[in-house]
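Scroll down for the structure; my scribbles are underneath it.
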Amino acid sequence: MERDSGYFLVWRKIWKSSVFKNLKQCAIWIYMISQATHKDKTLNFLDNKIFVKKAELIFPLRKNAEIWGITYSEMRTFIKRLKNRKMISVRIHHLLPTSNHPSRKVSIIECLNYAFLTNILLSKKFNVLS
């Protein structure tokens, strides 16, 4: 395991949160937090340059539903629940069209309260990062 890849705290009670209907949804949430960028940057995605702000990640819903073994409808419902609970915000980025996909887009998810979730404030207060 790389030590320079960062860390964040996970409270044990997360597994019992009413936000998540099952452990898979909880794991998806933890994945989102872990994959969110820690600073503004431009990322390459399917030959497109996408600017993402701190706390955001590129999250194609259909592909992630497939990866996590849930239906696209279940993924959309879960994302909507996270939005309603003010845990995430979602914006859509339009990708460059191709001959077989004239209208392509991808979801950019922002993990709200990212600094709190990743313990940045506490780390700076106690000078853990230096």
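Identifiers in the structure tokens: chain A, B, ... in order shown; residue index from 1 per chain; ligand index from 1 in order shown.
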
Residues near A:Ile88, anyone? I mean within 9 Å using only C-alpha atoms, not counting same-chain ones fewer than 2 positions away, as a PyMOL selection string. chain A and resi 79+82-86+90+109-113

Next, write the just-selected residues to a file, as a compact mmCIF listing (two decimals), in the first residue's frame, keeping N, CA and C atoms as the atom set.
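File result07.txt, as written:
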# COMPACT_ATOMS: atom_id res chain seq x y z
N ILE A 79 -28.00 7.41 -6.37
CA ILE A 79 -27.42 8.75 -6.58
C ILE A 79 -28.45 9.82 -6.19
N LEU A 82 -28.56 10.12 -2.42
CA LEU A 82 -27.41 10.87 -1.92
C LEU A 82 -27.58 12.37 -2.17
N LYS A 83 -28.11 12.73 -3.34
CA LYS A 83 -28.38 14.14 -3.64
C LYS A 83 -29.42 14.72 -2.69
N ASN A 84 -30.50 13.99 -2.46
CA ASN A 84 -31.55 14.46 -1.57
C ASN A 84 -31.07 14.64 -0.13
N ARG A 85 -30.13 13.81 0.26
CA ARG A 85 -29.56 13.90 1.62
C ARG A 85 -28.41 14.91 1.70
N LYS A 86 -28.17 15.61 0.61
CA LYS A 86 -27.11 16.64 0.54
C LYS A 86 -25.72 16.06 0.82
N VAL A 90 -24.38 16.75 -8.37
CA VAL A 90 -24.04 16.13 -9.65
C VAL A 90 -24.13 17.17 -10.75
N ILE A 109 -19.45 13.92 -10.03
CA ILE A 109 -20.04 13.94 -8.70
C ILE A 109 -19.12 14.69 -7.75
N GLU A 110 -19.71 15.59 -6.99
CA GLU A 110 -18.98 16.30 -5.94
C GLU A 110 -19.40 15.73 -4.60
N CYS A 111 -18.44 15.29 -3.81
CA CYS A 111 -18.71 14.81 -2.46
C CYS A 111 -18.77 16.03 -1.55
N LEU A 112 -19.95 16.36 -1.08
CA LEU A 112 -20.11 17.53 -0.22
C LEU A 112 -19.52 17.22 1.15
N ASN A 113 -19.07 18.24 1.84
CA ASN A 113 -18.39 18.09 3.13
C ASN A 113 -17.12 17.24 3.01

Quick check for you: according to DSSP on this backbone, which residues of stretch 69-113 of chain A are classed as alpha helix (DSSP H)? Reply as JSON, numbers by chain. {"A": [72, 73, 74, 75, 76, 77, 78, 79, 80, 81, 82, 83, 84]}

DSSP-assigned strand (DSSP E or B) among chain A, expressed as a PyMOL selection string: chain A and resi 41-45+48-52+56-58+88-95+104-111

Given the choices A:Ala115, A:Leu57, A:Leu95, A:Met75, which gets closest to A:Phe20 if the distance is worked out from only C-alpha atoms?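 Selected residue with least distance to A:Phe20: A:Met75.
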
Between atom CA of A:Glu56 and atom CA of A:Thr37, what is the spacing in Å? 5.7 Å
